[in-house]
Amino acid sequence: MNILTNGNFLAILGASVAALAGIGSAIGVGIAGSAASGVVAEDPKKFGSTLILQALPGTQGIYGLLIAFIILNKIGLLGGSMAELSAAQGGYFLAASLPIGIVGIISAIHQGKVAASGIMLVGKRPEEIAKAMVYAAMVETYAVLALLISFLMINGIAI
Amino acid sequence: MAIVKMNKISIIGLNDIKTELVKEIMDLGVVEISSQDSKLTDPEWINYVKKDGNENEVLNLDMKISNLNEVLTSLEKYDTRKRPLFSTRKAISSDEFDEAVLNNNSHVNENVSTVLELNKSFRELCSEENKLEAVILSLKPWVKYTIPLNMTETKYTSIFIGAIPSIADIEKLKAEMSQEIGKFYMNLIESDKDQFYFSFICLKDEKEDVYDLLKKYGFSPILFKDIEGTAAENILKYENYLKDISVKKEEIENKLTELVIFKEEIQLFYDHIIIERDKNKILNNLLKTDTTFYIEGWIPEAKKESVKVVLDEYQCWYDIKQPEEGEEFPVLMKNNSFVQPFESITELYSLPSPSNIDPTIFMTPFYILFFGLMLADVGYGAIMSILCFLVLKKYKPEGGLQKLLKVFFYCGISTAFWGLMFGSVLGDAIQAAAKLLFNSDFIIKPLWLNPMEDPMTLLIFSFVFGVIHLFTGMAVNAYMLVRDGKKLDAVFDIGFWYGFIIGIALWLFGNIIIPGSNLVGKWMTIVFAIGLVLTQGRAKTNVASKLISGVLSLYGITGYLSDILSYSRLLALGLATGVVSSVVSILGSMGGRNVLGILLFAVAMVVGHSFNFAINALGAFVHAARLQYVEFFGKFYEGGGEAFNPLVKNTKYYKIIKEDF
């Protein structure tokens, strides 16, 4: 049981939680990708524009990676010499990773749905791709905010 | 830097100059001829005029266009010459164009019909090929069957073949057959995973009984119509046919390849037909009487004189006037060459409504600033700008692509500038390389700050940029209100909000910058809040509801708050670029200082940075646009304008230049 009071364990757990945002991105990109195949089946020339829309829900995974990376960097895991963290410090890292971990998953799934409808839109009106992109970016806002909060929290943790 | 002023033009002329005049108008390319269908139901007009138009000619030309299209796509397939990355229209003078059309006319028509003919026979050969392949496939199971397929009976016996599903119990079938039918012969020719292929010989009298019995086992007879001889013979025959067909196909392909040299001529002809089609199509928008025609449309005010010259020359009656108050006119934006490419960003949202304002010039500096802040890297910015510059110089693309490349050119410069400010050159690739190769702790100092180490400062600046952006949007709104004679509205709706927002900001954060200024802020907030409460309900009639809407309007501060917070993405996306770069560097450096490690480093750099650049440039583009569309345009902009669509030579392959006289 004492592993739960091990600060280093908690900090690494935090990095893992942040990286879980990739789940959402995988689902979101998947949803958008199946819609894109449908559109491209009709008109292969739309590959480029549908690919751009499909890529949009992928950013949450990157944000998750980013936070995970910052945590690992900060606790020195990547440099080879890991700092000795107290349970509280480790807990802080875990807590700070929650926003991007949770918001990342959910927002990426929903952004995937919006991107998929955007791809349908591009299928019918290719000139409206910018609008489709902006709709998807509206969802991403919340992932960006979560990223920011996670980042600021980690930045503020003293070790 | 605004929406171009449009004038309404009406022209009446004699029928015999109509074709000539339409051609001249097309050459000018500044007149939009609008549809006059509404006049056809207007009793004042309907007694005198009819709708003009030449539907048959348009249909005829459309058909030609689709033929030419088919010819060009099929020639494209056999054109082995290297194609440029960006296709651009070739410049040609209008005299040369007309001459070429005249000279090549018969010759092009001949080539076009040859290509169409060849395409048709090619398609026929393909379908013949498919048919033969299908027949061969159906004959395959009977290769070992040596009786000719057309032989179905002898004097006393009946001969037939067929398939039985492989789930049937063949042993049982055989047993039943020998039990119930005296003399018969059945032979398993072939079997695959679905079916058994059997041949049968039985007495003619018993054929019905045999059939009945076989049906119980799912037997289906197979008949080959019009085939003589054995299956093996026939397969051989058809395979020879197939060989012939593929030879013929190759011949056709060779002929088509030879015709590729005429592609340019056919393209020119295609453009010619497009022009003719458009000239005939626009006649639909004309009205006519027995001897005259009537044109109505729009011209930019600045181009009035050049149109007048032409109309005078053709002795037309015409009238050019300002649009009436509130009349919707087509929208054309005009900006200086720096701002002009950013019109494409405005167009992606929507053209301004005629009574609104062209937002491009206000948006441009912010778009460039925000894009740069979110990508912020010297390397990425330089690569982007240089690539765009080279493509623009080398290929001279036109239209939307040209605008987009110019947008990215300017954004690249801004990206490089902010990269310098934040000390980011391909992320930390150079530091990582120095560390890996020479073990030096060399660092590139940011000119301003490192966002990784001091995110709070940059966050505050993001909000400051946001407030400036929003205030600019509100100022444009105020300008429009003043322009439309609503000066008080501008003071109440914009001025008071300025005061209120600045007041709150000072009250909360003023002391950090100027000690004591929070008191000023406090009083500003109170005064302007009272101002807002008193004025925001002015549309209501009774005092109570005036006050209630006034108080409720203060709730609008949450809207401003969320708008401002939205600018935090400037920091967040900027960080994303930097952190992914350092992930790349760390992964790349894992191999250590040896040949393999350096190789790994190089590969990781190329792949990683390409990926990081692509995803973050996309993010910067989308989010910079979003900040304009949602936060900025939300403050003043009203879209929904119809684009100015003048009658022009809408050619695809050649750019026709009218020489000056």
# chains A, B, ... in the order shown; residues from 1 in each chain; ligands from 1
>>> closest_atom_pairs(of="chain A", to="chain B", cutoff="10 Å", atoms="only C-alpha atoms", output="CSV")
residue,atom,partner,partner_atom,distance
A:Ile52,CA,B:Leu618,CA,7.9
A:Leu53,CA,B:Leu618,CA,9.9
A:Ala55,CA,B:Ile615,CA,7.8
A:Leu56,CA,B:Gly619,CA,7.9
A:Gly58,CA,B:Ile615,CA,8.9
A:Thr59,CA,B:Ile615,CA,7.9
A:Ile62,CA,B:Val580,CA,7.9
A:Tyr63,CA,B:Ala576,CA,7.0
A:Leu65,CA,B:Val580,CA,8.4
A:Leu66,CA,B:Val579,CA,6.2
A:Ile67,CA,B:Val579,CA,8.9
A:Phe69,CA,B:Val583,CA,7.3
A:Ile70,CA,B:Val579,CA,7.9
A:Asn73,CA,B:Val583,CA,9.8
A:Leu78,CA,B:Ile586,CA,8.4
A:Gly79,CA,B:Ile586,CA,9.5
A:Glu127,CA,B:Leu348,CA,8.1
A:Glu128,CA,B:Leu348,CA,7.1
A:Ile129,CA,B:Leu348,CA,8.2
A:Ala130,CA,B:Leu348,CA,5.9
A:Lys131,CA,B:Tyr349,CA,6.9
A:Met133,CA,B:Val622,CA,6.6
A:Val134,CA,B:Arg626,CA,5.8
A:Tyr135,CA,B:Arg626,CA,8.8
A:Ala136,CA,B:Val622,CA,9.2
A:Ala137,CA,B:His623,CA,6.8
A:Met138,CA,B:Arg626,CA,7.8
A:Glu140,CA,B:His623,CA,9.4
A:Thr141,CA,B:Ser566,CA,7.5
A:Tyr142,CA,B:Ser566,CA,9.4
A:Ala143,CA,B:Arg569,CA,9.8
A:Val144,CA,B:Arg569,CA,6.1
A:Leu145,CA,B:Arg569,CA,7.2
A:Ala146,CA,B:Ala572,CA,9.5
A:Leu147,CA,B:Ala572,CA,7.0
A:Leu148,CA,B:Ala572,CA,5.7
A:Ile149,CA,B:Ala572,CA,9.4
A:Phe151,CA,B:Ala572,CA,8.6
A:Leu152,CA,B:Pro455,CA,7.5
A:Asn155,CA,B:Glu453,CA,8.2
>>> residues_around(residues="B:Lys396", least_positions_apart="4", cutoff="9 Å", atoms="only C-alpha atoms", output="PyMOL selection string")
chain B and resi 86+88+391-392+402
>>> residues_around(residues="B:Ser38", least_positions_apart="5", cutoff="12 Å", atoms="only C-alpha atoms", output="VMD selection string")
chain B and resid 43 to 46 50 to 51 285 to 287 296
>>> select_by_dssp(residues="stretch 101-302 of chain B", states="alpha helix (DSSP H)", output="CSV table (one decimal) with N, CA and C atoms, in the first residue's frame")
chain,number,residue,atom,x,y,z
B,101,VAL,N,-7.7,30.3,-82.6
B,101,VAL,CA,-9.0,29.6,-82.6
B,101,VAL,C,-9.5,29.4,-84.1
B,102,LEU,N,-9.3,30.5,-84.8
B,102,LEU,CA,-9.7,30.5,-86.2
B,102,LEU,C,-8.9,29.5,-87.0
B,103,ASN,N,-7.6,29.4,-86.8
B,103,ASN,CA,-6.7,28.6,-87.6
B,103,ASN,C,-6.9,27.1,-87.3
B,104,ASN,N,-7.1,26.8,-86.0
B,104,ASN,CA,-7.1,25.4,-85.6
B,104,ASN,C,-8.5,24.8,-85.6
B,105,ASN,N,-9.5,25.6,-85.8
B,105,ASN,CA,-10.9,25.2,-85.6
B,105,ASN,C,-11.1,23.8,-86.2
B,106,SER,N,-10.9,23.6,-87.6
B,106,SER,CA,-11.3,22.4,-88.2
B,106,SER,C,-10.5,21.2,-87.7
B,107,HIS,N,-9.2,21.5,-87.6
B,107,HIS,CA,-8.2,20.6,-87.2
B,107,HIS,C,-8.4,20.1,-85.8
B,108,VAL,N,-8.8,21.0,-84.9
B,108,VAL,CA,-9.1,20.6,-83.5
B,108,VAL,C,-10.3,19.7,-83.5
B,109,ASN,N,-11.4,20.2,-84.2
B,109,ASN,CA,-12.6,19.4,-84.2
B,109,ASN,C,-12.3,18.0,-84.7
B,110,GLU,N,-11.4,17.8,-85.7
B,110,GLU,CA,-11.1,16.5,-86.2
B,110,GLU,C,-10.4,15.7,-85.1
B,111,ASN,N,-9.4,16.3,-84.4
B,111,ASN,CA,-8.7,15.6,-83.4
B,111,ASN,C,-9.7,15.2,-82.3
B,112,VAL,N,-10.6,16.1,-81.9
B,112,VAL,CA,-11.5,15.8,-80.8
B,112,VAL,C,-12.3,14.7,-81.2
B,113,SER,N,-12.9,14.6,-82.4
B,113,SER,CA,-13.7,13.5,-82.8
B,113,SER,C,-12.9,12.2,-82.8
B,114,THR,N,-11.7,12.3,-83.3
B,114,THR,CA,-10.8,11.1,-83.3
B,114,THR,C,-10.7,10.6,-81.9
B,115,VAL,N,-10.3,11.5,-80.9
B,115,VAL,CA,-10.1,11.0,-79.5
B,115,VAL,C,-11.4,10.4,-79.0
B,116,LEU,N,-12.5,11.1,-79.3
B,116,LEU,CA,-13.8,10.6,-78.7
B,116,LEU,C,-14.1,9.2,-79.3
B,117,GLU,N,-13.8,9.0,-80.6
B,117,GLU,CA,-14.0,7.8,-81.3
B,117,GLU,C,-13.1,6.7,-80.7
B,118,LEU,N,-11.8,7.0,-80.5
B,118,LEU,CA,-10.9,6.1,-79.9
B,118,LEU,C,-11.3,5.7,-78.5
B,119,ASN,N,-11.8,6.7,-77.7
B,119,ASN,CA,-12.2,6.4,-76.3
B,119,ASN,C,-13.4,5.5,-76.4
B,120,LYS,N,-14.3,5.7,-77.4
B,120,LYS,CA,-15.5,4.8,-77.4
B,120,LYS,C,-15.0,3.4,-77.7
B,121,SER,N,-14.2,3.2,-78.7
B,121,SER,CA,-13.8,1.8,-79.0
B,121,SER,C,-13.0,1.2,-77.9
B,122,PHE,N,-12.2,2.1,-77.2
B,122,PHE,CA,-11.5,1.6,-76.0
B,122,PHE,C,-12.5,1.0,-75.0
B,123,ARG,N,-13.5,1.8,-74.7
B,123,ARG,CA,-14.5,1.3,-73.8
B,123,ARG,C,-15.2,0.1,-74.2
B,124,GLU,N,-15.5,0.0,-75.5
B,124,GLU,CA,-16.1,-1.2,-76.1
B,124,GLU,C,-15.2,-2.4,-75.9
B,125,LEU,N,-13.9,-2.2,-76.2
B,125,LEU,CA,-13.0,-3.3,-76.0
B,125,LEU,C,-12.9,-3.8,-74.6
B,126,CYS,N,-13.0,-2.8,-73.7
B,126,CYS,CA,-12.9,-3.1,-72.2
B,126,CYS,C,-14.1,-4.0,-71.8
B,127,SER,N,-15.3,-3.6,-72.3
B,127,SER,CA,-16.5,-4.3,-71.9
B,127,SER,C,-16.5,-5.7,-72.6
B,128,GLU,N,-16.0,-5.8,-73.8
B,128,GLU,CA,-15.8,-7.1,-74.5
B,128,GLU,C,-14.9,-8.0,-73.7
B,129,GLU,N,-13.8,-7.4,-73.2
B,129,GLU,CA,-12.8,-8.1,-72.4
B,129,GLU,C,-13.4,-8.7,-71.1
B,130,ASN,N,-14.2,-7.8,-70.5
B,130,ASN,CA,-14.9,-8.3,-69.2
B,130,ASN,C,-15.8,-9.5,-69.5
B,131,LYS,N,-16.5,-9.3,-70.6
B,131,LYS,CA,-17.5,-10.4,-71.0
B,131,LYS,C,-16.7,-11.7,-71.2
B,132,LEU,N,-15.7,-11.6,-72.0
B,132,LEU,CA,-14.9,-12.8,-72.3
B,132,LEU,C,-14.3,-13.4,-71.0
B,133,GLU,N,-13.8,-12.6,-70.2
B,133,GLU,CA,-13.2,-13.1,-68.9
B,133,GLU,C,-14.2,-13.8,-68.1
B,134,ALA,N,-15.5,-13.3,-68.1
B,134,ALA,CA,-16.5,-13.9,-67.3
B,134,ALA,C,-16.9,-15.3,-67.9
B,135,VAL,N,-16.9,-15.3,-69.3
B,135,VAL,CA,-17.2,-16.6,-69.9
B,135,VAL,C,-16.1,-17.6,-69.6
B,136,ILE,N,-14.9,-17.2,-69.7
B,136,ILE,CA,-13.8,-18.1,-69.5
B,136,ILE,C,-13.9,-18.7,-68.0
B,137,LEU,N,-14.2,-17.8,-67.1
B,137,LEU,CA,-14.4,-18.2,-65.7
B,137,LEU,C,-15.4,-19.2,-65.6
B,138,SER,N,-16.5,-19.1,-66.3
B,138,SER,CA,-17.6,-20.0,-66.1
B,138,SER,C,-17.3,-21.4,-66.9
B,139,LEU,N,-16.4,-21.3,-67.8
B,139,LEU,CA,-16.0,-22.5,-68.5
B,139,LEU,C,-15.0,-23.3,-67.8
B,170,ILE,N,-23.1,-36.8,-51.7
B,170,ILE,CA,-23.0,-37.4,-53.0
B,170,ILE,C,-23.2,-38.9,-53.0
B,171,GLU,N,-22.6,-39.5,-52.0
B,171,GLU,CA,-22.8,-41.0,-51.9
B,171,GLU,C,-24.2,-41.4,-51.8
B,172,LYS,N,-25.0,-40.7,-51.0
B,172,LYS,CA,-26.4,-41.0,-50.9
B,172,LYS,C,-27.1,-40.8,-52.2
B,173,LEU,N,-26.7,-39.7,-52.9
B,173,LEU,CA,-27.3,-39.4,-54.2
B,173,LEU,C,-27.0,-40.6,-55.2
B,174,LYS,N,-25.8,-41.0,-55.2
B,174,LYS,CA,-25.4,-42.1,-56.1
B,174,LYS,C,-26.2,-43.3,-55.8
B,175,ALA,N,-26.3,-43.6,-54.5
B,175,ALA,CA,-27.1,-44.8,-54.1
B,175,ALA,C,-28.5,-44.7,-54.6
B,176,GLU,N,-29.1,-43.6,-54.3
B,176,GLU,CA,-30.5,-43.4,-54.7
B,176,GLU,C,-30.7,-43.5,-56.2
B,177,MET,N,-29.7,-42.9,-56.9
B,177,MET,CA,-29.8,-42.9,-58.4
B,177,MET,C,-29.8,-44.4,-58.9
B,178,SER,N,-28.8,-45.2,-58.4
B,178,SER,CA,-28.8,-46.6,-58.9
B,178,SER,C,-30.0,-47.4,-58.5
B,179,GLN,N,-30.6,-47.0,-57.3
B,179,GLN,CA,-31.8,-47.7,-56.9
B,179,GLN,C,-33.0,-47.4,-57.8
B,180,GLU,N,-33.2,-46.1,-58.1
B,180,GLU,CA,-34.4,-45.7,-58.7
B,180,GLU,C,-34.3,-45.6,-60.3
B,207,LYS,N,-35.4,-38.9,-68.3
B,207,LYS,CA,-34.7,-37.6,-68.0
B,207,LYS,C,-35.5,-36.9,-66.9
B,208,GLU,N,-36.8,-36.9,-67.0
B,208,GLU,CA,-37.6,-36.2,-66.0
B,208,GLU,C,-37.4,-36.7,-64.6
B,209,ASP,N,-37.4,-38.0,-64.5
B,209,ASP,CA,-37.2,-38.7,-63.2
B,209,ASP,C,-35.8,-38.3,-62.6
B,210,VAL,N,-34.8,-38.4,-63.5
B,210,VAL,CA,-33.5,-38.0,-63.0
B,210,VAL,C,-33.4,-36.6,-62.5
B,211,TYR,N,-34.0,-35.7,-63.3
B,211,TYR,CA,-34.1,-34.3,-62.9
B,211,TYR,C,-34.7,-34.1,-61.5
B,212,ASP,N,-35.9,-34.8,-61.3
B,212,ASP,CA,-36.6,-34.7,-60.1
B,212,ASP,C,-35.8,-35.1,-58.9
B,213,LEU,N,-35.1,-36.2,-59.1
B,213,LEU,CA,-34.3,-36.7,-58.1
B,213,LEU,C,-33.1,-35.8,-57.7
B,214,LEU,N,-32.5,-35.3,-58.8
B,214,LEU,CA,-31.3,-34.4,-58.6
B,214,LEU,C,-31.7,-33.1,-57.9
B,215,LYS,N,-32.9,-32.7,-58.2
B,215,LYS,CA,-33.3,-31.4,-57.6
B,215,LYS,C,-33.3,-31.5,-56.1
B,216,LYS,N,-33.7,-32.7,-55.6
B,216,LYS,CA,-33.7,-32.8,-54.1
B,216,LYS,C,-32.3,-32.5,-53.5
B,231,ALA,N,-15.2,-27.4,-73.7
B,231,ALA,CA,-14.8,-26.2,-72.9
B,231,ALA,C,-13.4,-25.8,-73.1
B,232,ALA,N,-12.5,-26.8,-73.1
B,232,ALA,CA,-11.1,-26.5,-73.3
B,232,ALA,C,-10.8,-25.8,-74.6
B,233,GLU,N,-11.4,-26.3,-75.7
B,233,GLU,CA,-11.3,-25.6,-77.0
B,233,GLU,C,-11.7,-24.2,-76.9
B,234,ASN,N,-12.9,-24.0,-76.3
B,234,ASN,CA,-13.4,-22.6,-76.2
B,234,ASN,C,-12.6,-21.7,-75.4
B,235,ILE,N,-12.0,-22.2,-74.3
B,235,ILE,CA,-11.2,-21.4,-73.4
B,235,ILE,C,-10.0,-20.9,-74.2
B,236,LEU,N,-9.4,-21.8,-75.0
B,236,LEU,CA,-8.3,-21.5,-75.8
B,236,LEU,C,-8.7,-20.4,-76.8
B,237,LYS,N,-9.8,-20.6,-77.4
B,237,LYS,CA,-10.3,-19.6,-78.4
B,237,LYS,C,-10.5,-18.2,-77.8
B,238,TYR,N,-11.1,-18.2,-76.7
B,238,TYR,CA,-11.4,-16.9,-76.0
B,238,TYR,C,-10.1,-16.2,-75.5
B,239,GLU,N,-9.2,-17.1,-75.1
B,239,GLU,CA,-8.0,-16.5,-74.6
B,239,GLU,C,-7.2,-15.8,-75.8
B,240,ASN,N,-7.4,-16.4,-77.0
B,240,ASN,CA,-6.8,-15.8,-78.1
B,240,ASN,C,-7.5,-14.5,-78.4
B,241,TYR,N,-8.8,-14.5,-78.3
B,241,TYR,CA,-9.6,-13.2,-78.5
B,241,TYR,C,-9.0,-12.2,-77.6
B,242,LEU,N,-8.8,-12.6,-76.3
B,242,LEU,CA,-8.4,-11.6,-75.3
B,242,LEU,C,-7.0,-11.0,-75.7
B,243,LYS,N,-6.2,-11.9,-76.3
B,243,LYS,CA,-4.9,-11.4,-76.7
B,243,LYS,C,-5.1,-10.3,-77.8
B,244,ASP,N,-6.0,-10.7,-78.8
B,244,ASP,CA,-6.3,-9.7,-79.8
B,244,ASP,C,-6.7,-8.4,-79.2
B,245,ILE,N,-7.6,-8.5,-78.3
B,245,ILE,CA,-8.2,-7.3,-77.7
B,245,ILE,C,-7.1,-6.4,-77.0
B,246,SER,N,-6.2,-7.1,-76.3
B,246,SER,CA,-5.2,-6.3,-75.6
B,246,SER,C,-4.2,-5.7,-76.6
B,247,VAL,N,-4.0,-6.3,-77.8
B,247,VAL,CA,-3.2,-5.7,-78.8
B,247,VAL,C,-3.9,-4.5,-79.3
B,248,LYS,N,-5.3,-4.6,-79.6
B,248,LYS,CA,-6.0,-3.5,-80.1
B,248,LYS,C,-6.0,-2.3,-79.1
B,249,LYS,N,-6.2,-2.7,-77.8
B,249,LYS,CA,-6.2,-1.7,-76.8
B,249,LYS,C,-4.8,-0.9,-76.8
B,250,GLU,N,-3.8,-1.7,-77.0
B,250,GLU,CA,-2.5,-1.0,-77.0
B,250,GLU,C,-2.4,-0.1,-78.2
B,251,GLU,N,-2.9,-0.5,-79.3
B,251,GLU,CA,-2.9,0.3,-80.5
B,251,GLU,C,-3.6,1.6,-80.2
B,252,ILE,N,-4.8,1.5,-79.6
B,252,ILE,CA,-5.5,2.8,-79.3
B,252,ILE,C,-4.7,3.6,-78.4
B,253,GLU,N,-4.1,3.0,-77.4
B,253,GLU,CA,-3.4,3.8,-76.4
B,253,GLU,C,-2.2,4.5,-77.1
B,254,ASN,N,-1.6,3.8,-78.1
B,254,ASN,CA,-0.5,4.5,-78.8
B,254,ASN,C,-1.0,5.7,-79.6
B,255,LYS,N,-2.2,5.5,-80.3
B,255,LYS,CA,-2.7,6.6,-81.1
B,255,LYS,C,-3.0,7.7,-80.2
B,256,LEU,N,-3.6,7.5,-79.0
B,256,LEU,CA,-3.9,8.6,-78.1
B,256,LEU,C,-2.6,9.3,-77.6
B,257,THR,N,-1.6,8.5,-77.4
B,257,THR,CA,-0.3,9.1,-77.0
B,257,THR,C,0.2,10.0,-78.0
B,258,GLU,N,0.0,9.6,-79.3
B,258,GLU,CA,0.4,10.4,-80.4
B,258,GLU,C,-0.3,11.7,-80.4
B,259,LEU,N,-1.6,11.7,-80.0
B,259,LEU,CA,-2.5,12.9,-80.1
B,259,LEU,C,-2.2,13.8,-79.0
B,263,LYS,N,-2.7,18.6,-77.3
B,263,LYS,CA,-3.4,18.9,-76.1
B,263,LYS,C,-3.6,20.4,-75.9
B,264,GLU,N,-2.5,21.2,-76.2
B,264,GLU,CA,-2.5,22.6,-76.0
B,264,GLU,C,-3.6,23.3,-76.9
B,265,GLU,N,-3.6,22.8,-78.1
B,265,GLU,CA,-4.6,23.4,-79.1
B,265,GLU,C,-6.0,23.1,-78.6
B,266,ILE,N,-6.2,21.9,-78.1
B,266,ILE,CA,-7.6,21.5,-77.6
B,266,ILE,C,-7.9,22.4,-76.4
B,267,GLN,N,-6.9,22.6,-75.5
B,267,GLN,CA,-7.2,23.4,-74.3
B,267,GLN,C,-7.6,24.8,-74.7
B,268,LEU,N,-6.9,25.4,-75.7
B,268,LEU,CA,-7.2,26.7,-76.2
B,268,LEU,C,-8.7,26.7,-76.7
B,269,PHE,N,-9.0,25.7,-77.5
B,269,PHE,CA,-10.3,25.6,-78.0
B,269,PHE,C,-11.4,25.5,-76.9
B,270,TYR,N,-11.0,24.7,-75.9
B,270,TYR,CA,-11.9,24.6,-74.7
B,270,TYR,C,-12.2,25.9,-74.1
B,271,ASP,N,-11.1,26.7,-73.9
B,271,ASP,CA,-11.3,28.1,-73.4
B,271,ASP,C,-12.2,28.9,-74.3
B,272,HIS,N,-12.0,28.8,-75.6
B,272,HIS,CA,-12.8,29.5,-76.5
B,272,HIS,C,-14.3,29.1,-76.4
B,273,ILE,N,-14.6,27.8,-76.3
B,273,ILE,CA,-16.0,27.4,-76.2
B,273,ILE,C,-16.6,27.9,-74.8
B,274,ILE,N,-15.8,27.9,-73.8
B,274,ILE,CA,-16.2,28.4,-72.5
B,274,ILE,C,-16.7,29.8,-72.6
B,275,ILE,N,-15.9,30.6,-73.3
B,275,ILE,CA,-16.2,32.0,-73.5
B,275,ILE,C,-17.5,32.2,-74.3
B,276,GLU,N,-17.6,31.4,-75.3
B,276,GLU,CA,-18.8,31.5,-76.2
B,276,GLU,C,-20.1,31.1,-75.3
B,277,ARG,N,-19.9,30.0,-74.5
B,277,ARG,CA,-21.0,29.5,-73.7
B,277,ARG,C,-21.4,30.6,-72.7
B,278,ASP,N,-20.5,31.3,-72.1
B,278,ASP,CA,-20.8,32.3,-71.1
B,278,ASP,C,-21.5,33.5,-71.8
B,279,LYS,N,-21.0,33.8,-73.0
B,279,LYS,CA,-21.7,34.9,-73.7
B,279,LYS,C,-23.1,34.6,-74.0
B,280,ASN,N,-23.4,33.4,-74.4
B,280,ASN,CA,-24.7,33.0,-74.7
B,280,ASN,C,-25.6,32.8,-73.4
B,281,LYS,N,-24.9,32.4,-72.4
B,281,LYS,CA,-25.7,32.1,-71.2
B,281,LYS,C,-26.2,33.4,-70.5
B,282,ILE,N,-25.3,34.5,-70.7
B,282,ILE,CA,-25.7,35.7,-70.0
B,282,ILE,C,-26.9,36.4,-70.7
>>> residues_around(residues="A:Ala96", least_positions_apart="6", cutoff="7 Å", atoms="only C-alpha atoms", output="JSON, numbers by chain")
{"A": [150, 153, 154]}
>>> write_last_selection(atoms="N, CA and C atoms", output="PDB file, in the first residue's frame")
ATOM      1  N   SER A 150      -3.324  22.908 -16.609  1.00  0.00           N
ATOM      2  CA  SER A 150      -2.402  21.854 -16.190  1.00  0.00           C
ATOM      3  C   SER A 150      -0.976  22.382 -16.199  1.00  0.00           C
ATOM      4  N   MET A 153      -0.258  24.852 -13.362  1.00  0.00           N
ATOM      5  CA  MET A 153      -0.158  24.170 -12.061  1.00  0.00           C
ATOM      6  C   MET A 153       1.192  23.495 -11.917  1.00  0.00           C
ATOM      7  N   ILE A 154       1.592  22.753 -12.955  1.00  0.00           N
ATOM      8  CA  ILE A 154       2.867  22.041 -12.871  1.00  0.00           C
ATOM      9  C   ILE A 154       4.010  23.028 -12.744  1.00  0.00           C
TER      10      ILE A 154
END
>>> residues_around(residues="B:Gly588", least_positions_apart="2", cutoff="12 Å", atoms="only C-alpha atoms", output="number ranges by chain")
B: 428-429, 432-433, 435-436, 581-586, 590-593, 596-609
>>> atom_distance(atom1="atom CA of A:Val17", atom2="atom CA of A:Ala108")
15.2 Å
>>> residues_around(residues="stretch 226-229 of chain B", least_positions_apart="5", cutoff="8 Å", atoms="only C-alpha atoms", output="PyMOL selection string")
chain B and resi 147-150+234
>>> closest_residue(among="A:Leu72, A:Met82, A:Leu94, A:Ala88", to="A:Leu13", atoms="only C-alpha atoms")
A:Leu94
>>> residues_around(residues="B:Leu426", least_positions_apart="6", cutoff="7 Å", atoms="only C-alpha atoms", output="list in words")
Asp377, Val378, Gly379 and Tyr380 of chain B
>>> write_last_selection(atoms="C-alpha atoms", output="short mmCIF file (atom, residue, chain, number, x, y, z; two decimals), in the first residue's frame")
data_model
loop_
_atom_site.label_atom_id
_atom_site.label_comp_id
_atom_site.auth_asym_id
_atom_site.auth_seq_id
_atom_site.Cartn_x
_atom_site.Cartn_y
_atom_site.Cartn_z
CA ASP B 377 9.87 29.68 -34.23
CA VAL B 378 12.64 31.20 -36.33
CA GLY B 379 13.21 28.01 -38.29
CA TYR B 380 9.59 27.25 -39.07
#
>>> atom_distance(atom1="atom CA of B:Lys204", atom2="atom CA of B:Lys183")
10.8 Å
>>> closest_residue(among="A:Val39, A:Gly64, A:Leu10, A:Ala15", to="A:Leu121", atoms="only C-alpha atoms")
A:Val39
>>> decode(residues="stretch 402-408 of chain B", atoms="N, CA and C atoms", output="CSV table (one decimal), in the first residue's frame")
chain,number,residue,atom,x,y,z
B,402,GLN,N,-2.7,32.1,-54.7
B,402,GLN,CA,-1.8,33.1,-54.6
B,402,GLN,C,-2.0,33.9,-53.3
B,403,LYS,N,-3.3,34.2,-53.0
B,403,LYS,CA,-3.6,34.9,-51.8
B,403,LYS,C,-3.1,34.1,-50.6
B,404,LEU,N,-3.4,32.8,-50.6
B,404,LEU,CA,-3.1,32.0,-49.4
B,404,LEU,C,-1.6,32.0,-49.2
B,405,LEU,N,-0.8,31.8,-50.3
B,405,LEU,CA,0.7,31.8,-50.2
B,405,LEU,C,1.2,33.1,-49.6
B,406,LYS,N,0.6,34.2,-50.1
B,406,LYS,CA,1.0,35.5,-49.6
B,406,LYS,C,0.7,35.6,-48.1
B,407,VAL,N,-0.5,35.1,-47.7
B,407,VAL,CA,-0.8,35.2,-46.3
B,407,VAL,C,0.2,34.4,-45.5
B,408,PHE,N,0.6,33.2,-45.9
B,408,PHE,CA,1.6,32.4,-45.2
B,408,PHE,C,3.0,33.0,-45.3
